[in-house]
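Undergrad: Have a peek at my_file_23.pdb (PDB, C-alpha atoms and all ligand atoms).
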ATOM      1  CA  MET A  25      88.243  41.077 152.123  1.00  0.00           C
ATOM      2  CA  ALA A  26      84.899  39.946 153.494  1.00  0.00           C
ATOM      3  CA  GLU A  27      85.674  41.544 156.844  1.00  0.00           C
ATOM      4  CA  ASN A  28      85.717  44.938 155.111  1.00  0.00           C
ATOM      5  CA  TYR A  29      81.952  44.702 154.790  1.00  0.00           C
ATOM      6  CA  GLU A  30      81.661  44.642 158.523  1.00  0.00           C
ATOM      7  CA  LYS A  31      83.389  47.931 159.289  1.00  0.00           C
ATOM      8  CA  ALA A  32      82.915  51.590 158.560  1.00  0.00           C
ATOM      9  CA  ILE A  33      85.091  52.892 155.755  1.00  0.00           C
ATOM     10  CA  LYS A  34      86.061  56.337 154.576  1.00  0.00           C
ATOM     11  CA  THR A  35      86.001  56.823 150.787  1.00  0.00           C
ATOM     12  CA  LYS A  36      87.870  59.370 148.723  1.00  0.00           C
ATOM     13  CA  TYR A  37      87.878  60.350 145.046  1.00  0.00           C
ATOM     14  CA  ILE A  38      90.989  59.055 143.254  1.00  0.00           C
ATOM     15  CA  GLY A  39      90.085  59.974 139.638  1.00  0.00           C
ATOM     16  CA  LYS A  40      91.140  62.895 137.477  1.00  0.00           C
ATOM     17  CA  PRO A  41      88.595  65.633 136.825  1.00  0.00           C
ATOM     18  CA  LEU A  42      87.441  65.664 133.193  1.00  0.00           C
ATOM     19  CA  THR A  43      88.445  68.546 130.960  1.00  0.00           C
ATOM     20  CA  LEU A  44      85.619  70.773 129.858  1.00  0.00           C
ATOM     21  CA  HIS A  45      85.728  71.571 126.144  1.00  0.00           C
ATOM     22  CA  ASP A  46      82.514  73.450 125.611  1.00  0.00           C
ATOM     23  CA  GLU A  47      80.137  74.758 128.183  1.00  0.00           C
ATOM     24  CA  LYS A  48      77.279  76.071 126.010  1.00  0.00           C
ATOM     25  CA  PRO A  49      74.532  75.001 125.733  1.00  0.00           C
ATOM     26  CA  ALA A  50      75.556  71.705 127.332  1.00  0.00           C
ATOM     27  CA  TRP A  51      78.810  70.557 128.840  1.00  0.00           C
ATOM     28  CA  VAL A  52      81.162  68.578 126.588  1.00  0.00           C
ATOM     29  CA  VAL A  53      83.862  66.725 128.461  1.00  0.00           C
ATOM     30  CA  ASP A  54      86.989  64.855 127.428  1.00  0.00           C
ATOM     31  CA  SER A  55      86.951  61.421 129.024  1.00  0.00           C
ATOM     32  CA  PRO A  56      89.987  59.496 127.734  1.00  0.00           C
ATOM     33  CA  ARG A  57      89.818  55.723 127.901  1.00  0.00           C
ATOM     34  CA  ALA A  58      92.628  53.260 127.360  1.00  0.00           C
ATOM     35  CA  MET A  59      92.302  49.561 126.767  1.00  0.00           C
ATOM     36  CA  SER A  60      94.870  46.882 126.111  1.00  0.00           C
ATOM     37  CA  HIS A  61      93.707  43.998 123.921  1.00  0.00           C
ATOM     38  CA  ILE A  62      96.007  41.029 124.451  1.00  0.00           C
ATOM     39  CA  HIS A  63      95.566  38.145 122.055  1.00  0.00           C
ATOM     40  CA  THR A  64      97.706  35.448 120.487  1.00  0.00           C
ATOM     41  CA  TYR A  65      98.428  34.881 116.813  1.00  0.00           C
ATOM     42  CA  GLY A  66      98.578  31.222 117.737  1.00  0.00           C
ATOM     43  CA  LEU A  67      99.325  28.936 114.802  1.00  0.00           C
ATOM     44  CA  LEU A  68      99.432  31.949 112.468  1.00  0.00           C
ATOM     45  CA  THR A  69     102.489  33.385 114.218  1.00  0.00           C
ATOM     46  CA  PRO A  70     104.882  32.381 111.348  1.00  0.00           C
ATOM     47  CA  PHE A  71     102.992  34.726 109.015  1.00  0.00           C
ATOM     48  CA  PHE A  72     103.591  37.758 111.243  1.00  0.00           C
ATOM     49  CA  GLN A  73     107.177  36.683 111.954  1.00  0.00           C
ATOM     50  CA  GLY A  74     107.700  36.430 108.195  1.00  0.00           C
ATOM     51  CA  LEU A  75     106.600  40.017 107.675  1.00  0.00           C
ATOM     52  CA  THR A  76     109.207  41.290 110.113  1.00  0.00           C
ATOM     53  CA  GLN A  77     111.802  39.167 108.257  1.00  0.00           C
ATOM     54  CA  GLY A  78     110.783  40.532 104.857  1.00  0.00           C
ATOM     55  CA  LYS A  79     108.924  37.549 103.462  1.00  0.00           C
ATOM     56  CA  LEU A  80     105.384  36.406 102.771  1.00  0.00           C
ATOM     57  CA  MET A  81     104.573  33.101 104.414  1.00  0.00           C
ATOM     58  CA  ALA A  82     101.493  31.263 103.224  1.00  0.00           C
ATOM     59  CA  THR A  83     100.048  27.882 104.079  1.00  0.00           C
ATOM     60  CA  LYS A  84      99.643  25.020 101.649  1.00  0.00           C
ATOM     61  CA  CYS A  85      97.443  21.974 101.943  1.00  0.00           C
ATOM     62  CA  VAL A  86      99.559  18.874 101.351  1.00  0.00           C
ATOM     63  CA  ASN A  87      96.873  16.304 102.105  1.00  0.00           C
ATOM     64  CA  PRO A  88      96.760  13.994  99.029  1.00  0.00           C
ATOM     65  CA  LYS A  89      93.076  13.311  99.739  1.00  0.00           C
ATOM     66  CA  CYS A  90      92.110  17.010  99.874  1.00  0.00           C
ATOM     67  CA  PRO A  91      89.292  17.810  97.421  1.00  0.00           C
ATOM     68  CA  HIS A  92      90.749  21.275  96.723  1.00  0.00           C
ATOM     69  CA  PRO A  93      94.403  21.550  97.834  1.00  0.00           C
ATOM     70  CA  SER A  94      95.327  25.232  97.820  1.00  0.00           C
ATOM     71  CA  VAL A  95      97.867  27.802  98.925  1.00  0.00           C
ATOM     72  CA  TRP A  96      96.317  30.367 101.244  1.00  0.00           C
ATOM     73  CA  LEU A  97      97.422  33.926 101.883  1.00  0.00           C
ATOM     74  CA  PRO A  98      96.500  35.206 104.395  1.00  0.00           C
ATOM     75  CA  PRO A  99      97.242  31.778 105.798  1.00  0.00           C
ATOM     76  CA  ARG A 100      94.880  29.369 107.460  1.00  0.00           C
ATOM     77  CA  ALA A 101      96.324  27.017 110.056  1.00  0.00           C
ATOM     78  CA  ASP A 102      94.007  24.235 108.931  1.00  0.00           C
ATOM     79  CA  CYS A 103      92.718  23.602 105.418  1.00  0.00           C
ATOM     80  CA  PRO A 104      89.162  24.889 105.009  1.00  0.00           C
ATOM     81  CA  ASP A 105      88.489  22.085 102.515  1.00  0.00           C
ATOM     82  CA  CYS A 106      89.811  18.993 104.312  1.00  0.00           C
ATOM     83  CA  TYR A 107      90.480  20.338 107.858  1.00  0.00           C
ATOM     84  CA  GLU A 108      94.038  18.988 107.919  1.00  0.00           C
ATOM     85  CA  ARG A 109      96.909  21.027 109.323  1.00  0.00           C
ATOM     86  CA  MET A 110      98.624  22.974 106.509  1.00  0.00           C
ATOM     87  CA  LYS A 111     102.330  23.367 105.662  1.00  0.00           C
ATOM     88  CA  TRP A 112     104.121  26.743 105.699  1.00  0.00           C
ATOM     89  CA  VAL A 113     105.567  27.902 102.375  1.00  0.00           C
ATOM     90  CA  LYS A 114     107.290  31.100 101.306  1.00  0.00           C
ATOM     91  CA  VAL A 115     105.549  32.755  98.368  1.00  0.00           C
ATOM     92  CA  PRO A 116     106.761  35.486  95.976  1.00  0.00           C
ATOM     93  CA  SER A 117     106.832  39.075  97.197  1.00  0.00           C
ATOM     94  CA  GLN A 118     105.618  40.313  93.817  1.00  0.00           C
ATOM     95  CA  GLY A 119     102.218  40.236  92.240  1.00  0.00           C
ATOM     96  CA  THR A 120      99.718  42.075  90.111  1.00  0.00           C
ATOM     97  CA  ILE A 121      96.783  44.210  91.170  1.00  0.00           C
ATOM     98  CA  TYR A 122      93.610  42.161  90.847  1.00  0.00           C
ATOM     99  CA  THR A 123      91.342  45.027  91.867  1.00  0.00           C
ATOM    100  CA  PHE A 124      91.442  48.146  94.006  1.00  0.00           C
ATOM    101  CA  THR A 125      89.349  50.730  95.767  1.00  0.00           C
ATOM    102  CA  LEU A 126      89.896  54.089  97.362  1.00  0.00           C
ATOM    103  CA  VAL A 127      89.390  54.099 101.117  1.00  0.00           C
ATOM    104  CA  ASP A 128      88.152  57.515 102.082  1.00  0.00           C
ATOM    105  CA  TYR A 129      86.726  56.672 105.487  1.00  0.00           C
ATOM    106  CA  ALA A 130      88.549  53.840 107.225  1.00  0.00           C
ATOM    107  CA  GLY A 131      86.533  53.571 110.402  1.00  0.00           C
ATOM    108  CA  ILE A 132      87.630  53.173 113.970  1.00  0.00           C
ATOM    109  CA  GLY A 133      90.859  51.327 114.653  1.00  0.00           C
ATOM    110  CA  VAL A 134      92.463  51.644 111.219  1.00  0.00           C
ATOM    111  CA  GLU A 135      95.857  53.261 111.707  1.00  0.00           C
ATOM    112  CA  MET A 136      96.095  54.621 108.194  1.00  0.00           C
ATOM    113  CA  LYS A 137      95.882  58.157 106.959  1.00  0.00           C
ATOM    114  CA  THR A 138      93.028  58.464 104.510  1.00  0.00           C
ATOM    115  CA  PRO A 139      92.475  58.491 101.654  1.00  0.00           C
ATOM    116  CA  TYR A 140      94.551  55.473 100.603  1.00  0.00           C
ATOM    117  CA  TRP A 141      94.416  52.858  97.866  1.00  0.00           C
ATOM    118  CA  GLN A 142      93.391  49.455  99.107  1.00  0.00           C
ATOM    119  CA  ILE A 143      94.549  46.861  96.608  1.00  0.00           C
ATOM    120  CA  ASP A 144      93.941  43.168  96.126  1.00  0.00           C
ATOM    121  CA  VAL A 145      97.064  41.412  94.879  1.00  0.00           C
ATOM    122  CA  ALA A 146      97.225  38.226  92.819  1.00  0.00           C
ATOM    123  CA  ILE A 147     100.436  36.324  93.525  1.00  0.00           C
ATOM    124  CA  LYS A 148     101.768  33.504  91.354  1.00  0.00           C
ATOM    125  CA  GLY A 149     101.366  30.185  93.124  1.00  0.00           C
ATOM    126  CA  VAL A 150      98.825  31.530  95.609  1.00  0.00           C
ATOM    127  CA  ASP A 151      95.202  30.484  95.205  1.00  0.00           C
ATOM    128  CA  THR A 152      93.714  33.376  97.159  1.00  0.00           C
ATOM    129  CA  ILE A 153      93.868  37.113  96.613  1.00  0.00           C
ATOM    130  CA  PHE A 154      95.845  39.036  99.223  1.00  0.00           C
ATOM    131  CA  LYS A 155      94.498  42.360 100.421  1.00  0.00           C
ATOM    132  CA  GLY A 156      96.762  45.284 101.255  1.00  0.00           C
ATOM    133  CA  TYR A 157      97.403  48.885 100.418  1.00  0.00           C
ATOM    134  CA  LEU A 158      99.471  50.726  97.846  1.00  0.00           C
ATOM    135  CA  GLU A 159     101.969  52.953  99.630  1.00  0.00           C
ATOM    136  CA  TYR A 160     102.291  55.385  96.720  1.00  0.00           C
ATOM    137  CA  GLY A 161     101.252  55.727  93.128  1.00  0.00           C
ATOM    138  CA  LYS A 162      97.955  55.130  91.392  1.00  0.00           C
ATOM    139  CA  PRO A 163      96.737  51.568  90.996  1.00  0.00           C
ATOM    140  CA  GLU A 164      95.558  49.932  87.785  1.00  0.00           C
ATOM    141  CA  ILE A 165      94.239  46.442  87.301  1.00  0.00           C
ATOM    142  CA  GLY A 166      97.092  44.217  86.174  1.00  0.00           C
ATOM    143  CA  MET A 167      99.763  46.611  87.434  1.00  0.00           C
ATOM    144  CA  LYS A 168     102.876  44.897  88.802  1.00  0.00           C
ATOM    145  CA  VAL A 169     103.573  45.547  92.471  1.00  0.00           C
ATOM    146  CA  LYS A 170     106.098  44.342  94.992  1.00  0.00           C
ATOM    147  CA  ALA A 171     105.754  43.932  98.721  1.00  0.00           C
ATOM    148  CA  LYS A 172     107.438  46.392 101.026  1.00  0.00           C
ATOM    149  CA  PHE A 173     108.064  45.108 104.528  1.00  0.00           C
ATOM    150  CA  ARG A 174     108.422  47.048 107.739  1.00  0.00           C
ATOM    151  CA  THR A 175     111.393  45.090 109.072  1.00  0.00           C
ATOM    152  CA  GLU A 176     112.632  47.978 111.208  1.00  0.00           C
ATOM    153  CA  ASN A 177     110.344  49.085 114.002  1.00  0.00           C
ATOM    154  CA  PRO A 178     107.676  46.547 113.007  1.00  0.00           C
ATOM    155  CA  THR A 179     104.128  47.030 114.221  1.00  0.00           C
ATOM    156  CA  HIS A 180     103.673  43.244 114.570  1.00  0.00           C
ATOM    157  CA  THR A 181     100.408  43.618 112.657  1.00  0.00           C
ATOM    158  CA  ILE A 182      99.307  43.199 109.064  1.00  0.00           C
ATOM    159  CA  LEU A 183     100.536  46.768 108.541  1.00  0.00           C
ATOM    160  CA  ASP A 184     104.088  45.373 108.418  1.00  0.00           C
ATOM    161  CA  VAL A 185     103.512  44.792 104.704  1.00  0.00           C
ATOM    162  CA  CYS A 186     102.277  47.111 101.998  1.00  0.00           C
ATOM    163  CA  TRP A 187     102.787  47.308  98.235  1.00  0.00           C
ATOM    164  CA  VAL A 188     104.660  49.628  95.917  1.00  0.00           C
ATOM    165  CA  PRO A 189     104.815  49.787  92.111  1.00  0.00           C
ATOM    166  CA  ALA A 190     107.303  47.220  90.771  1.00  0.00           C
TER     167      ALA A 190
HETATM  168 ZN    ZN A 201      93.072  20.408 102.211  1.00  0.00          ZN
END
What do you get writing this file as structure tokens?
TA:
Amino acid sequence: MAENYEKAIKTKYIGKPLTLHDEKPAWVVDSPRAMSHIHTYGLLTPFFQGLTQGKLMATKCVNPKCPHPSVWLPPRADCPDCYERMKWVKVPSQGTIYTFTLVDYAGIGVEMKTPYWQIDVAIKGVDTIFKGYLEYGKPEIGMKVKAKFRTENPTHTILDVCWVPA
């Protein structure tokens, strides 16, 4: 490559001209960008695998010396209280609405049609509250809901689970 700096080169444009949308009073152009974000789920992979298999997988601290042994959903690979590696456990796919809010503006990157009901779900045997969305219906605090999994054509994201009235 370094030898290229020593010789004359001829350069040509290889891009695609931008599309003009509006020419008055200033030009507005369409400049599409694409980016691929590759990352690993690492030790949390069983959680996402579980969603595609129709189950909620949480992590449980089994360290007898832990000051606050808990079941976490979403899972943590290591216990936030004692820093030991946690054990995977299947938890119920039913729960009750702990609280909810209407999402009217979801922001960039959220692949959900707005408005939608974001709900926090309390699940028996789980020490944390699991956030999700209600696919249909109107939420109420204490309302029973059950998980609905996207086992066919999964997105491989958290959107592979949502909640419906039970
Ligand atoms: Zn612990």
Undergrad: Give the residue list for ligand ZN 201 (chain A) at 8 Å, counting all atoms listed in the file, as a PyMOL selection string, sorted by chain and then by residue number.
TA: chain A and resi 85-87+89-94+102-108+110
Undergrad: Calculate how many Å separate CA of Trp96 in chain A from CA of Val127 in chain A, rounding to one decimal.
TA: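 Calculated distance between CA of Trp96 in chain A and CA of Val127 in chain A is 24.7 Å.
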Undergrad: With distances taken over only C-alpha atoms, which residue among A:Arg174, A:Lys40, A:Lys162, A:Lys79 lies nearest Pro56 in chain A?
TA: A:Lys40
Undergrad: Residues of range 72-143 of chain A that have any atom at most 10 Å from an atom of range 179-184 of chain A: could you tabulate them with the shortest-distance atom pair and the distance in Å to one decimal, using only C-alpha atoms, ordered by chain and increasing number, as CSV?
TA:
residue,atom,partner,partner_atom,distance
A:Phe72,CA,A:His180,CA,6.4
A:Gln73,CA,A:His180,CA,7.9
A:Gly74,CA,A:Asp184,CA,9.6
A:Leu75,CA,A:Asp184,CA,6.0
A:Thr76,CA,A:Asp184,CA,6.8
A:Gln77,CA,A:Asp184,CA,9.9
A:Gly78,CA,A:Asp184,CA,9.0
A:Pro98,CA,A:Ile182,CA,9.7
A:Val134,CA,A:Leu183,CA,9.8
A:Glu135,CA,A:Leu183,CA,8.6
A:Met136,CA,A:Leu183,CA,9.0
Undergrad: Can you work out which one of A:Lys170, A:Pro99, A:Ala130, A:Phe124 has the shortest atom-to-atom distance to Val150 in chain A, counting only C-alpha atoms?
TA: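 Residue with the minimum atom-to-atom distance to Val150 in chain A: A:Pro99.
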Undergrad: One decimal, in Å: what's the spacing between CA of Gln142 in chain A and CA of Leu158 in chain A?
TA: 6.3 Å
Undergrad: Env of Ile165 in chain A: 8 Å cut, atoms = all atoms listed in the file, seq-sep filter 5 positions within chain, self excluded. Answer as JSON, numbers by chain.
TA: {"A": [120, 121, 122, 123, 124]}
Undergrad: May I ask which of the residues A:Tyr157, A:Tyr37, A:Trp51, A:Tyr129 is the closest one to Val145 in chain A, counting only C-alpha atoms?
TA: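 For Val145 in chain A, the nearest of the candidates is A:Tyr157.
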Undergrad: Using the file's own x, y and z axes, what box holds all listed atoms of range 70-80 of chain A with 8 Å on each side, keeping edges along x, y and z, and what are its centre and edge lengths in Å to one decimal, as lines of an AutoDock Vina configuration file?
TA:
center_x = 107.4
center_y = 36.8
center_z = 107.4
size_x = 24.8
size_y = 24.9
size_z = 25.2
Undergrad: Assuming the input is short of atoms at range 102-134 of chain A, produce N, CA and C atoms for that part as a compact mmCIF listing (two decimals), in the frame of the given file.
TA:
# COMPACT_ATOMS: atom_id res chain seq x y z
N ASP A 102 94.57 25.50 109.40
CA ASP A 102 94.01 24.24 108.93
C ASP A 102 93.27 24.47 107.62
N CYS A 103 93.33 23.47 106.74
CA CYS A 103 92.72 23.60 105.42
C CYS A 103 91.20 23.71 105.55
N PRO A 104 90.61 24.75 104.95
CA PRO A 104 89.16 24.89 105.01
C PRO A 104 88.42 23.81 104.22
N ASP A 105 89.14 23.10 103.34
CA ASP A 105 88.49 22.08 102.52
C ASP A 105 88.59 20.66 103.06
N CYS A 106 89.67 20.36 103.78
CA CYS A 106 89.81 18.99 104.31
C CYS A 106 90.10 18.99 105.82
N TYR A 107 90.28 20.16 106.40
CA TYR A 107 90.48 20.34 107.86
C TYR A 107 91.80 19.81 108.38
N GLU A 108 92.72 19.45 107.47
CA GLU A 108 94.04 18.99 107.92
C GLU A 108 94.95 20.19 108.17
N ARG A 109 95.92 19.99 109.06
CA ARG A 109 96.91 21.03 109.32
C ARG A 109 97.68 21.32 108.02
N MET A 110 97.96 22.60 107.75
CA MET A 110 98.62 22.97 106.51
C MET A 110 100.12 23.14 106.74
N LYS A 111 100.87 23.23 105.63
CA LYS A 111 102.33 23.37 105.66
C LYS A 111 102.69 24.80 105.29
N TRP A 112 103.68 25.37 105.99
CA TRP A 112 104.12 26.74 105.70
C TRP A 112 105.00 26.77 104.47
N VAL A 113 104.74 27.72 103.57
CA VAL A 113 105.57 27.90 102.38
C VAL A 113 105.80 29.39 102.15
N LYS A 114 106.99 29.71 101.66
CA LYS A 114 107.29 31.10 101.31
C LYS A 114 106.76 31.33 99.89
N VAL A 115 106.09 32.45 99.70
CA VAL A 115 105.55 32.76 98.37
C VAL A 115 106.20 34.05 97.85
N PRO A 116 106.10 34.30 96.54
CA PRO A 116 106.76 35.49 95.98
C PRO A 116 106.26 36.79 96.60
N SER A 117 107.17 37.75 96.66
CA SER A 117 106.83 39.08 97.20
C SER A 117 106.46 40.04 96.08
N GLN A 118 106.09 39.49 94.93
CA GLN A 118 105.62 40.31 93.82
C GLN A 118 104.26 39.78 93.38
N GLY A 119 103.51 40.66 92.75
CA GLY A 119 102.22 40.24 92.24
C GLY A 119 101.66 41.28 91.31
N THR A 120 100.39 41.09 90.96
CA THR A 120 99.72 42.08 90.11
C THR A 120 98.42 42.48 90.79
N ILE A 121 98.02 43.72 90.55
CA ILE A 121 96.78 44.21 91.17
C ILE A 121 95.59 43.55 90.50
N TYR A 122 94.81 42.86 91.31
CA TYR A 122 93.61 42.16 90.85
C TYR A 122 92.43 43.13 90.79
N THR A 123 92.32 43.95 91.85
CA THR A 123 91.34 45.03 91.87
C THR A 123 91.76 46.03 92.94
N PHE A 124 91.07 47.13 93.02
CA PHE A 124 91.44 48.15 94.01
C PHE A 124 90.25 49.03 94.32
N THR A 125 90.37 49.75 95.41
CA THR A 125 89.35 50.73 95.77
C THR A 125 90.01 51.83 96.57
N LEU A 126 89.39 52.98 96.56
CA LEU A 126 89.90 54.09 97.36
C LEU A 126 89.19 54.06 98.71
N VAL A 127 89.97 54.04 99.78
CA VAL A 127 89.39 54.10 101.12
C VAL A 127 89.44 55.55 101.57
N ASP A 128 88.27 56.11 101.70
CA ASP A 128 88.15 57.52 102.08
C ASP A 128 87.85 57.64 103.56
N TYR A 129 87.06 56.70 104.07
CA TYR A 129 86.73 56.67 105.49
C TYR A 129 87.04 55.28 106.00
N ALA A 130 88.06 55.17 106.83
CA ALA A 130 88.55 53.84 107.22
C ALA A 130 87.85 53.28 108.45
N GLY A 131 87.20 54.09 109.21
CA GLY A 131 86.53 53.57 110.40
C GLY A 131 87.47 53.51 111.59
N ILE A 132 86.89 53.18 112.71
CA ILE A 132 87.63 53.17 113.97
C ILE A 132 88.67 52.05 113.99
N GLY A 133 89.85 52.36 114.45
CA GLY A 133 90.86 51.33 114.65
C GLY A 133 91.84 51.18 113.50
N VAL A 134 91.55 51.76 112.36
CA VAL A 134 92.46 51.64 111.22
C VAL A 134 93.52 52.74 111.35
